[in-house]
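Below you'll find the structure, written out as structure tokens, and then a few comments.
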Amino acid sequence: MFIALRDNGKRYKIYIPRESNPVIDGNEQEIDFIEQEDFQYTFEWNGKRFHCELVARDQNKATVHVNGVEYKFSLESIFSYIRKGMISDAEDKNTSVQIKAPMPGKIIDIFLDEGDLVNVGEPILTLEAMKMQNEITADCNGVIQKIRVNHEQSVMKDELLVEIQSIDV
Amino acid sequence: MNKNEIFEKRIKALQEMEDNAVNKQHLKGKLTARERLNILFDEGTFFEFDAFVSPSQSPMSSRQSNFGDGVVVGRGLVQGKSVFAYAQDFTVLGGSLGYAHGMKIAKVQEMALKLGSPIVGMIDSGGARIQEGVKSLSAYASIFNNNVRSSGIVPQISVILGPAAGGAVYSPALTDFIFMTKKTSYMFVTGPDVVKEVLNEDIDKDGLGGGDVHANKSGVAHFVSDDEEHTILLVRKLLSYIPSNNFESLPVSNQISYYKTRQQYLNKIIPDDPNRPYDMKEIVKILVDKESFFEVHEGYAQNILIGFARLNGKTIGIVANQPKVMAGTLDINASVKGARFVRFCDAFNIPLLIMEDVPGFLPGIEQEHNGIIRNGAKLLYAFCEATVPKITVITRKAYGGAYIVMSSKNTGGDFNFAWPSAEIAVMGPAGAIKIVNKHELANAENKAEMEKILTERYKAEIANPYKAEELGLIDEVIIPEITRDVLITAFEILSNKQYSKPERKHGSIPL
Amino acid sequence: MKKRLLIANRSEIAIRIIRSAHKMGMYAIVFQSDKEPDALYLKFADEIIDAHDADDEKPIFLNPNKIVAFALEHEVDLIHPGYGFLSENPDFVALCISKKLNFIGPSPELIRDMGLKTVAKKMAIEAGLPLVPGSEGPVADVLAAKEYAASIGYPVILKASAGGGGRGMRIVENSETIERNFKSAYDEALAAFGNGDIFIEKYLQNPKHLEFQILGDKHGNVIHLGERECSLQRKHQKIIEEAPSASVTETMRKEMGTMAVRFAQKIGYYSAGTIEFIMDEDGSYYFMEMNTRIQVEHPVTEMITGVDLVDWQIRIALDEVLTLKQEDIIIKGWAIECRVNAEDPQNRFTPQTGFIDKIQFPQDASIRIETGFLSGSMVTPYFDSMIAKIIVHGESRSKVINKTMEALNKFNIIGIKTTAPFCKAVLQHPYFKDASYTTRWVDLVYSPEMLEDPDDEMIGALAATIMYASEYLQLQGDIPAYENDALNVWVLNKRLNY
């Protein structure tokens, strides 16, 4: 699992399993690898052809030309991505964000694990309260540090549910 | 307490120390000592010893949380190769070097030497432990001594992942390669505080001795990377090129591929205009196996390129002039950069490929006053001393003293090739005609026209590579596009090169 | 006896002219410049003359004496100059004629006259063509300038009579600033040319560039082949051209075409030529200048009329009569040409040089490719940056735009950045689609971000990751990519005690 971070801030979470389609930002994409010659790759996706050329690579920084247009990426594993964030705002001491239960209820679904990367607004778990299902979402971008509750657990209002290690500046 | 209980208690203590370390280090964007070693070694192969060594001085020795005395040592496999390593632990007594700590390191160094294995040191330390006084300094001395005893016998690699100050920098300085990370490691002999106090120079840790400074300005660091994980993976990459000791055969890669169609590009890459630069790195990348060029000292003295590469799967060392930077002239920094690398390759039997395009040594007061004479001589000495197979390819210019220095025939070059675009002479045409044809120029009606004619004549009669070929100083003038094949054959011919060394303690290389 | 035609040009136009020469049963002879010894066009020629121009200041194509000397030496009958280089250099043409070489193009007098803007404009007035409103000569002083400007309406442009290149030129938006601008223009012109005379013209802020192709023979017959719109320019360099123009109605075409023919006949023009018009936002158009050569974008006209302009240039040079009548020229369908230049559209169109690893062109009946480069060619800094022209023909404008997009998507070049992605961005832009684009489009509308595509970006991220992952996993993996004969026992006791 890698993170491709573009120089304009855009980031892609990419997982390349050996035998099946790549998973990009959580969605499996049917991308076919048509041709590979030296550092030119041709992909086909949604009926469109993409000609990619790997122009330069310096350790983990790559410059790619896709259909003649240049994009620059830096490639990280999840941990080096987080460490990058930590080093850049070394001044901020505790960047742990706590997500608390907005009301008493029962945890009926947990979508993510500890160590997972999460985007702001992404649902982490479902809290059933007063016959309604509430999605508890992330308040920031970061990594799930600790999930303090279990499936079917009853929680009180303001009880600590999830701790996220934030990477927001 | 029975035996089992003591055992369990100790394991628990180690676990607690590790958890504690994880929390502290991760917050700073760093890894713990054991995590680093686990990245370095193949999974599950790290065998630690001396984990329970205690600090040699109380009250620290009586605290359980100081097991190991701030350094983790052991052996593991790096892609199947046996490697010894030590990693200092900043979370235990600030990683400071006490007597026990130092002796642990000396122990692994001795084991590495006994077994002919490379040794990797990961530095993350506050320096000598003040409380232990002279004892900690004596531990350092043992370490430095071992560095020198092992030098040229087993590869020694230092990875600076935190502070390394004062005396602590000397072990890395004696090792073969130094790796640093950009924002989280520092090396300096005296820190910014003392510098401010004594000299009133204002600078922070990163500015005085951070990764960028040592990679680009001082040349102390050979490799620098953004992140610890990348840095340690680079160490693995380096180890895949070099043998484990100075008697072992070089590793041979089983993945051989090269740029077939790009070989023709070599015919076109040298510009017609001799004053136009081109990128020598491009030529190197096309000649060697695909993506196998691993550059060393990338940011320092960029007018010379050095690094490891593979040719037909076999490791070679590359020393090349870079016409793109400072016209490829040799200066003090470039000479020293090159000399050190040549001597490493010689020590470990790595054959050398020299790609030459050098107009001369950099002139100037700064160079002369800083000893270009002494330092340029280092590169010359290194080449002459080296007994590994040496093959030179002259792509364009090769003038004067610089031509001789870059492994020319009579300094011991085994094969010397030249491209048709080569110009080999005492000096370039512009300067030469002013001296040799002084009269013709003075009497000429049209000076520009005469210069042109004389330059042409000089190039045709004196500077052309065919002249050198006739004299046997160039073994053959080759078309650029067949260079790769020629080199593979040439290195294969030289693979059994034997040498005999004269009886002496060691030469006196100008330092 | 087969006629011998020398082409004093290179790259795609040389190949184009060779095609016509061969069609007409002639020998095609070209020059080999030391600056481009492996060029593609050499492979199509019957004879190659080694120009030996390595040490010359200029390449062979800019050296009139050398060209003529070689031509005489090699018993050449006709010379085609292509476009650019010496094609509009009257002295060169005069030299050719004086040595009895048949120059394919108009006479040196016609070239010289049309090269002088003042003469061209005078002829245009006499032929009854509308000109951009302006003072006929220099204005006497600031007051006269102000008066005149008020009469033709702001914005106006002040230009130096004695020279160009932007010096002595000022755009004036309103009457408040004209005095100050006049003074500074005058001073600048005086300093640059020794003559401070300034004339005034109406300034068209957002114009379209239209041009009419004409063909004339040496017997006074002249026809026009419709218009081309070349408004997509960057710093006065055309990048996309189309024929016909969506802004020209049938009536206008008749009007402007008739004017173009009248103008050509008035000056006695023969061979191929182009009359340029500039069109204001309100649809009013004015004569700009005349180009006395075959132009880069001639293929779009050929695609919609079915007429081979280069063939006719050769015939006209051989004194043949133009058998095409105006009523024979029928415009069928639409054509668009995209110039693929070696320039980086993401970075201010910086010229690119280097090695073309691979170049692949789309192939289809309605696509015409003109190029001087192959996989393995080098792009050198010595000549212009054009690598290829992709010309597409179709039934209607919208169909052609789609076909051209398809063609550009199929086009692939590795090793050099080009303007191909830029052309794609233009073709998809609403102002191009609705044909409202003007010569200011690149300045006012274009930004490099337009070239980016979110799908492309994602695939790029994937490609970069695959590349990195394979090395990362290789390095991290336990299985080495190398073999190592460890031979141990501390390498056989240090190779048996050394």
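Here's how to read the names in the structure tokens: chain A, B, ... by the order shown, residue numbers from 1 in each chain, ligand numbers from 1 in the order shown.
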
>> Based on only C-alpha atoms, which of the residues in chain B come within 9 Å of chain C? I want them as a count of residues only.
In response: 41

>> Please find the residues of chain C near chain A - the criterion being any atom within 10 Å, counting only C-alpha atoms - and write them as a PyMOL selection string.
In response: chain C and resi 344-346+358+408-422+448+451-453+455-469+471-472

>> If we count only C-alpha atoms and set the cut-off at 10 Å, which residues sit around Lys217 (chain B), ignoring sequence neighbours fewer than 5 positions away in its own chain? Please answer as a PyMOL selection string.
In response: chain B and resi 209+211-212+299-301+333

For the selection just defined, write its residues with C-alpha atoms to a file, as a PDB file, in the first residue's frame.
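Listed below is the output, again-v3.pdb:
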ATOM      1  CA  GLY B 209      25.475  19.981  10.347  1.00  0.00           C
ATOM      2  CA  GLY B 211      21.678  16.192   6.213  1.00  0.00           C
ATOM      3  CA  ASP B 212      21.668  18.729   3.400  1.00  0.00           C
ATOM      4  CA  GLY B 299      25.066  16.484  -4.207  1.00  0.00           C
ATOM      5  CA  TYR B 300      28.754  17.063  -3.567  1.00  0.00           C
ATOM      6  CA  ALA B 301      31.373  18.089  -6.122  1.00  0.00           C
ATOM      7  CA  ASN B 333      36.508  18.531  -3.923  1.00  0.00           C
TER       8      ASN B 333
END

>> Which residues are close to Pro420 (chain B), i.e. within 8 Å by only C-alpha atoms, leaving aside same-chain residues fewer than 4 positions away? Reply as a list of chain:residue names.
In response: B:Thr395, B:Pro465, B:Val477, B:Ile478, B:Ile479

> Near Ser80 (chain A), within 8 Å and counting only C-alpha atoms, which residues show up once chain neighbours fewer than 2 positions away are dropped, as an MDAnalysis selection string?
Replying inline: (chainID A and resid 76:78 82:84) or (chainID B and resid 227:229)

> Among chain A, which residues carry a DSSP assignment of strand (DSSP E), reported as number ranges by chain?
Replying inline: A: 2-6, 11-15, 23-24, 27-28, 32-37, 40-45, 48-58, 61-66, 69-77, 96-100, 105-110, 117-118, 123-129, 132-137, 142-147, 154-155, 160-166

Output file for the selection above: C-alpha atoms, as a JSON list (two decimals), in the first residue's frame:
[["chain", "number", "residue", "atom", "x", "y", "z"],
["A", 2, "PHE", "CA", 1.53, 3.27, -1.05],
["A", 3, "ILE", "CA", 0.58, 6.86, -1.10],
["A", 4, "ALA", "CA", 1.32, 8.86, -4.21],
["A", 5, "LEU", "CA", 1.43, 12.49, -3.26],
["A", 6, "ARG", "CA", 1.32, 15.05, -6.04],
["A", 11, "ARG", "CA", -2.95, 12.36, -2.77],
["A", 12, "TYR", "CA", -3.83, 8.86, -3.91],
["A", 13, "LYS", "CA", -3.92, 5.75, -1.76],
["A", 14, "ILE", "CA", -2.82, 2.92, -4.01],
["A", 15, "TYR", "CA", -2.74, -0.77, -3.29],
["A", 23, "VAL", "CA", -7.30, -0.47, -5.56],
["A", 24, "ILE", "CA", -7.11, 3.30, -5.71],
["A", 27, "ASN", "CA", -12.12, 1.65, -5.14],
["A", 28, "GLU", "CA", -11.06, -1.29, -7.20],
["A", 32, "ASP", "CA", -5.43, -3.15, -17.80],
["A", 33, "PHE", "CA", -1.73, -3.10, -18.33],
["A", 34, "ILE", "CA", -1.40, -3.16, -22.10],
["A", 35, "GLU", "CA", 2.23, -2.64, -22.79],
["A", 36, "GLN", "CA", 5.46, -2.08, -21.01],
["A", 37, "GLU", "CA", 8.71, -1.16, -22.66],
["A", 40, "GLN", "CA", 6.85, 3.45, -20.89],
["A", 41, "TYR", "CA", 3.61, 1.94, -19.68],
["A", 42, "THR", "CA", 0.35, 1.86, -21.60],
["A", 43, "PHE", "CA", -2.84, 1.37, -19.60],
["A", 44, "GLU", "CA", -6.41, 0.93, -20.69],
["A", 45, "TRP", "CA", -9.25, 2.01, -18.45],
["A", 48, "LYS", "CA", -9.48, 4.97, -22.95],
["A", 49, "ARG", "CA", -5.78, 4.48, -23.52],
["A", 50, "PHE", "CA", -3.19, 6.17, -21.39],
["A", 51, "HIS", "CA", 0.41, 6.41, -22.46],
["A", 52, "CYS", "CA", 2.70, 6.92, -19.48],
["A", 53, "GLU", "CA", 6.37, 7.66, -19.51],
["A", 54, "LEU", "CA", 8.49, 7.59, -16.39],
["A", 55, "VAL", "CA", 10.75, 10.51, -17.04],
["A", 56, "ALA", "CA", 12.77, 10.71, -13.85],
["A", 57, "ARG", "CA", 13.08, 9.03, -10.52],
["A", 58, "ASP", "CA", 15.08, 10.18, -7.54],
["A", 61, "LYS", "CA", 10.21, 11.07, -6.13],
["A", 62, "ALA", "CA", 8.96, 10.34, -9.62],
["A", 63, "THR", "CA", 8.09, 12.47, -12.62],
["A", 64, "VAL", "CA", 5.55, 10.91, -14.96],
["A", 65, "HIS", "CA", 4.26, 12.06, -18.33],
["A", 66, "VAL", "CA", 0.71, 10.88, -19.00],
["A", 69, "VAL", "CA", 1.43, 16.07, -19.71],
["A", 70, "GLU", "CA", 3.79, 16.10, -16.74],
["A", 71, "TYR", "CA", 2.81, 15.19, -13.19],
["A", 72, "LYS", "CA", 5.23, 15.01, -10.28],
["A", 73, "PHE", "CA", 4.69, 12.61, -7.38],
["A", 74, "SER", "CA", 6.45, 11.61, -4.24],
["A", 75, "LEU", "CA", 5.82, 8.07, -3.10],
["A", 76, "GLU", "CA", 5.48, 7.06, 0.51],
["A", 77, "SER", "CA", 4.51, 4.06, 2.54],
["A", 96, "SER", "CA", -4.10, 13.49, 18.54],
["A", 97, "VAL", "CA", -7.73, 14.15, 17.76],
["A", 98, "GLN", "CA", -10.35, 12.54, 19.94],
["A", 99, "ILE", "CA", -13.73, 11.50, 18.60],
["A", 100, "LYS", "CA", -16.37, 11.20, 21.31],
["A", 105, "GLY", "CA", -26.02, 4.31, 22.11],
["A", 106, "LYS", "CA", -24.63, 1.06, 20.78],
["A", 107, "ILE", "CA", -21.77, 0.52, 18.35],
["A", 108, "ILE", "CA", -23.16, -1.60, 15.56],
["A", 109, "ASP", "CA", -20.57, -1.29, 12.85],
["A", 110, "ILE", "CA", -16.85, -0.47, 12.75],
["A", 117, "LEU", "CA", -5.46, 6.11, 6.89],
["A", 118, "VAL", "CA", -8.57, 8.25, 7.10],
["A", 123, "PRO", "CA", -17.14, 7.32, 8.24],
["A", 124, "ILE", "CA", -15.33, 5.29, 10.96],
["A", 125, "LEU", "CA", -18.18, 3.59, 12.78],
["A", 126, "THR", "CA", -21.94, 3.51, 13.15],
["A", 127, "LEU", "CA", -23.59, 4.40, 16.44],
["A", 128, "GLU", "CA", -27.18, 3.32, 16.86],
["A", 129, "ALA", "CA", -29.08, 5.62, 19.16],
["A", 132, "MET", "CA", -31.51, 5.97, 14.41],
["A", 133, "GLN", "CA", -28.21, 5.02, 12.85],
["A", 134, "ASN", "CA", -25.53, 7.72, 13.12],
["A", 135, "GLU", "CA", -22.36, 7.64, 11.12],
["A", 136, "ILE", "CA", -19.41, 8.84, 13.15],
["A", 137, "THR", "CA", -16.95, 10.46, 10.77],
["A", 142, "GLY", "CA", -4.80, 11.24, 9.60],
["A", 143, "VAL", "CA", -4.30, 7.73, 10.87],
["A", 144, "ILE", "CA", -6.52, 5.83, 13.27],
["A", 145, "GLN", "CA", -4.38, 5.62, 16.37],
["A", 146, "LYS", "CA", -6.73, 3.76, 18.69],
["A", 147, "ILE", "CA", -10.28, 2.42, 18.50],
["A", 154, "SER", "CA", -22.91, 0.36, 24.70],
["A", 155, "VAL", "CA", -21.45, 3.79, 25.13],
["A", 160, "LEU", "CA", -14.09, 8.38, 23.85],
["A", 161, "LEU", "CA", -14.60, 6.31, 20.70],
["A", 162, "VAL", "CA", -11.62, 6.86, 18.44],
["A", 163, "GLU", "CA", -8.26, 8.62, 18.58],
["A", 164, "ILE", "CA", -6.81, 9.88, 15.33],
["A", 165, "GLN", "CA", -3.24, 10.94, 14.77],
["A", 166, "SER", "CA", -3.81, 14.03, 12.70]]

>> What are the residues of chain B lining chain A at 9 Å or less? Count only C-alpha atoms, and put the answer as a PyMOL selection string.
In response: chain B and resi 26-30+183-184+225-230+234+258-259+290

Got time to write the residues from that selection, N, CA and C atoms, as a PDB file, in the first residue's frame?
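Below is the file again-v5.pdb, written as the result:
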ATOM      1  N   HIS B  26       8.183   8.007  17.730  1.00  0.00           N
ATOM      2  CA  HIS B  26       7.214   8.214  16.661  1.00  0.00           C
ATOM      3  C   HIS B  26       6.700   9.632  16.620  1.00  0.00           C
ATOM      4  N   LEU B  27       6.553  10.217  17.783  1.00  0.00           N
ATOM      5  CA  LEU B  27       6.056  11.577  17.830  1.00  0.00           C
ATOM      6  C   LEU B  27       6.989  12.547  17.122  1.00  0.00           C
ATOM      7  N   LYS B  28       8.254  12.194  17.114  1.00  0.00           N
ATOM      8  CA  LYS B  28       9.205  13.085  16.457  1.00  0.00           C
ATOM      9  C   LYS B  28       9.415  12.697  15.000  1.00  0.00           C
ATOM     10  N   GLY B  29       8.636  11.724  14.549  1.00  0.00           N
ATOM     11  CA  GLY B  29       8.827  11.283  13.175  1.00  0.00           C
ATOM     12  C   GLY B  29      10.013  10.359  13.031  1.00  0.00           C
ATOM     13  N   LYS B  30      10.408   9.739  14.132  1.00  0.00           N
ATOM     14  CA  LYS B  30      11.561   8.827  14.057  1.00  0.00           C
ATOM     15  C   LYS B  30      11.132   7.419  14.465  1.00  0.00           C
ATOM     16  N   LYS B 183      15.977  15.997   7.847  1.00  0.00           N
ATOM     17  CA  LYS B 183      15.677  16.941   8.909  1.00  0.00           C
ATOM     18  C   LYS B 183      15.976  16.387  10.295  1.00  0.00           C
ATOM     19  N   THR B 184      16.161  15.081  10.405  1.00  0.00           N
ATOM     20  CA  THR B 184      16.239  14.544  11.760  1.00  0.00           C
ATOM     21  C   THR B 184      17.618  14.060  12.164  1.00  0.00           C
ATOM     22  N   SER B 225      18.508  11.182   2.633  1.00  0.00           N
ATOM     23  CA  SER B 225      17.142  10.823   2.252  1.00  0.00           C
ATOM     24  C   SER B 225      16.155  11.554   3.124  1.00  0.00           C
ATOM     25  N   ASP B 226      14.906  11.583   2.673  1.00  0.00           N
ATOM     26  CA  ASP B 226      13.885  12.302   3.430  1.00  0.00           C
ATOM     27  C   ASP B 226      13.516  11.611   4.719  1.00  0.00           C
ATOM     28  N   ASP B 227      13.428  10.302   4.651  1.00  0.00           N
ATOM     29  CA  ASP B 227      12.771   9.575   5.711  1.00  0.00           C
ATOM     30  C   ASP B 227      13.661   8.417   6.137  1.00  0.00           C
ATOM     31  N   GLU B 228      13.560   8.043   7.426  1.00  0.00           N
ATOM     32  CA  GLU B 228      14.405   6.961   7.944  1.00  0.00           C
ATOM     33  C   GLU B 228      14.232   5.674   7.178  1.00  0.00           C
ATOM     34  N   GLU B 229      12.980   5.366   6.868  1.00  0.00           N
ATOM     35  CA  GLU B 229      12.748   4.093   6.189  1.00  0.00           C
ATOM     36  C   GLU B 229      13.467   4.073   4.845  1.00  0.00           C
ATOM     37  N   HIS B 230      13.359   5.151   4.106  1.00  0.00           N
ATOM     38  CA  HIS B 230      14.041   5.212   2.817  1.00  0.00           C
ATOM     39  C   HIS B 230      15.540   5.090   2.989  1.00  0.00           C
ATOM     40  N   LEU B 234      18.041   2.269   1.479  1.00  0.00           N
ATOM     41  CA  LEU B 234      19.207   2.586   0.654  1.00  0.00           C
ATOM     42  C   LEU B 234      20.431   1.808   1.114  1.00  0.00           C
ATOM     43  N   TYR B 258      18.918  -4.089 -20.445  1.00  0.00           N
ATOM     44  CA  TYR B 258      19.548  -2.823 -20.795  1.00  0.00           C
ATOM     45  C   TYR B 258      18.751  -2.145 -21.884  1.00  0.00           C
ATOM     46  N   TYR B 259      19.042  -0.868 -22.124  1.00  0.00           N
ATOM     47  CA  TYR B 259      18.299  -0.097 -23.112  1.00  0.00           C
ATOM     48  C   TYR B 259      18.829  -0.388 -24.496  1.00  0.00           C
ATOM     49  N   LYS B 290      19.921  -1.603 -16.929  1.00  0.00           N
ATOM     50  CA  LYS B 290      18.795  -0.703 -16.660  1.00  0.00           C
ATOM     51  C   LYS B 290      18.659  -0.346 -15.196  1.00  0.00           C
TER      52      LYS B 290
END

Residues at most 8 Å from Gly166 (chain B), counting only C-alpha atoms, excluding those fewer than 3 positions away in the same chain, as an mmCIF file with N, CA and C atoms, in the first residue's frame?
data_model
loop_
_atom_site.group_PDB
_atom_site.id
_atom_site.type_symbol
_atom_site.label_atom_id
_atom_site.label_comp_id
_atom_site.auth_asym_id
_atom_site.auth_seq_id
_atom_site.Cartn_x
_atom_site.Cartn_y
_atom_site.Cartn_z
ATOM 1 N N GLY B 127 26.036 11.603 22.595
ATOM 2 C CA GLY B 127 27.484 11.764 22.732
ATOM 3 C C GLY B 127 28.020 10.992 23.927
ATOM 4 N N VAL B 169 31.297 11.726 16.191
ATOM 5 C CA VAL B 169 31.303 11.758 14.723
ATOM 6 C C VAL B 169 32.486 11.018 14.140
ATOM 7 N N PHE B 188 28.113 17.220 13.938
ATOM 8 C CA PHE B 188 29.082 18.321 14.036
ATOM 9 C C PHE B 188 30.037 18.034 15.178
ATOM 10 N N VAL B 189 31.202 18.618 15.108
ATOM 11 C CA VAL B 189 32.175 18.406 16.170
ATOM 12 C C VAL B 189 31.823 19.286 17.368
ATOM 13 N N THR B 190 31.472 20.541 17.098
ATOM 14 C CA THR B 190 31.001 21.406 18.197
ATOM 15 C C THR B 190 29.641 21.961 17.830
ATOM 16 N N GLY B 191 28.718 21.910 18.787
ATOM 17 C CA GLY B 191 27.345 22.299 18.525
ATOM 18 C C GLY B 191 27.134 23.791 18.408
#

>> Just want the 8 Å neighbourhood of Val108 (chain B), counted on only C-alpha atoms, with same-chain residues fewer than 5 positions away dropped. Output as a list of chain:residue names.
In response: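 Near Val108 (chain B), the qualifying residues are B:Val73, B:Gly74, B:Phe84, B:Ala85, B:Tyr86, B:Ile119.
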
Contacts between region 292-301 of chain C and region 201-230 of chain C, please, where a residue of region 201-230 of chain C counts if it comes within 12 Å (with only C-alpha atoms); show its shortest atom pair and distance in Å to one decimal, rows by chain and ascending number, as CSV.
residue,atom,partner,partner_atom,distance
C:Glu211,CA,C:Glu297,CA,10.6
C:Phe212,CA,C:Thr301,CA,9.5
C:Gln213,CA,C:Thr301,CA,7.7
C:Ile214,CA,C:Thr292,CA,10.0
C:Leu215,CA,C:Ile294,CA,10.1
C:Gly216,CA,C:Thr292,CA,11.4
C:His224,CA,C:Thr301,CA,10.5
C:Leu225,CA,C:Thr301,CA,7.0
C:Gly226,CA,C:Thr301,CA,7.4
C:Glu227,CA,C:Thr301,CA,7.7
C:Arg228,CA,C:Thr301,CA,7.2
C:Glu229,CA,C:Glu297,CA,10.0
C:Cys230,CA,C:Glu297,CA,8.7

Print the selection's residues with N, CA, C and O atoms to a file, as a compact mmCIF listing (two decimals), in the first residue's frame.
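Result file is again-v1.txt:
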# COMPACT_ATOMS: atom_id res chain seq x y z
N GLU C 211 -7.36 34.27 -43.54
CA GLU C 211 -6.51 34.44 -44.72
C GLU C 211 -7.11 33.69 -45.91
O GLU C 211 -7.68 32.61 -45.74
N PHE C 212 -6.97 34.28 -47.06
CA PHE C 212 -7.49 33.67 -48.28
C PHE C 212 -6.36 33.14 -49.13
O PHE C 212 -5.39 33.84 -49.41
N GLN C 213 -6.48 31.88 -49.56
CA GLN C 213 -5.48 31.26 -50.42
C GLN C 213 -5.79 31.62 -51.87
O GLN C 213 -6.93 31.47 -52.31
N ILE C 214 -4.77 32.13 -52.57
CA ILE C 214 -5.00 32.37 -54.00
C ILE C 214 -3.95 31.65 -54.83
O ILE C 214 -2.86 31.34 -54.36
N LEU C 215 -4.34 31.37 -56.07
CA LEU C 215 -3.42 30.75 -57.03
C LEU C 215 -3.51 31.57 -58.30
O LEU C 215 -4.61 31.87 -58.77
N GLY C 216 -2.35 31.92 -58.84
CA GLY C 216 -2.40 32.68 -60.09
C GLY C 216 -1.36 32.17 -61.05
O GLY C 216 -0.30 31.68 -60.62
N HIS C 224 -9.36 32.15 -56.09
CA HIS C 224 -9.12 31.97 -54.65
C HIS C 224 -9.68 30.61 -54.24
O HIS C 224 -10.60 30.10 -54.87
N LEU C 225 -9.11 30.02 -53.21
CA LEU C 225 -9.55 28.71 -52.75
C LEU C 225 -10.15 28.76 -51.36
O LEU C 225 -10.01 27.85 -50.55
N GLY C 226 -10.83 29.87 -51.08
CA GLY C 226 -11.50 29.96 -49.79
C GLY C 226 -10.54 30.42 -48.70
O GLY C 226 -9.38 30.73 -48.96
N GLU C 227 -11.11 30.46 -47.50
CA GLU C 227 -10.34 31.05 -46.41
C GLU C 227 -9.86 29.98 -45.43
O GLU C 227 -10.29 28.83 -45.46
N ARG C 228 -8.92 30.46 -44.58
CA ARG C 228 -8.50 29.66 -43.44
C ARG C 228 -8.61 30.58 -42.23
O ARG C 228 -8.38 31.79 -42.34
N GLU C 229 -8.98 30.01 -41.09
CA GLU C 229 -8.93 30.84 -39.88
C GLU C 229 -7.74 30.36 -39.05
O GLU C 229 -7.62 29.17 -38.75
N CYS C 230 -6.88 31.29 -38.69
CA CYS C 230 -5.66 30.93 -37.95
C CYS C 230 -5.57 31.74 -36.66
O CYS C 230 -4.50 32.19 -36.26
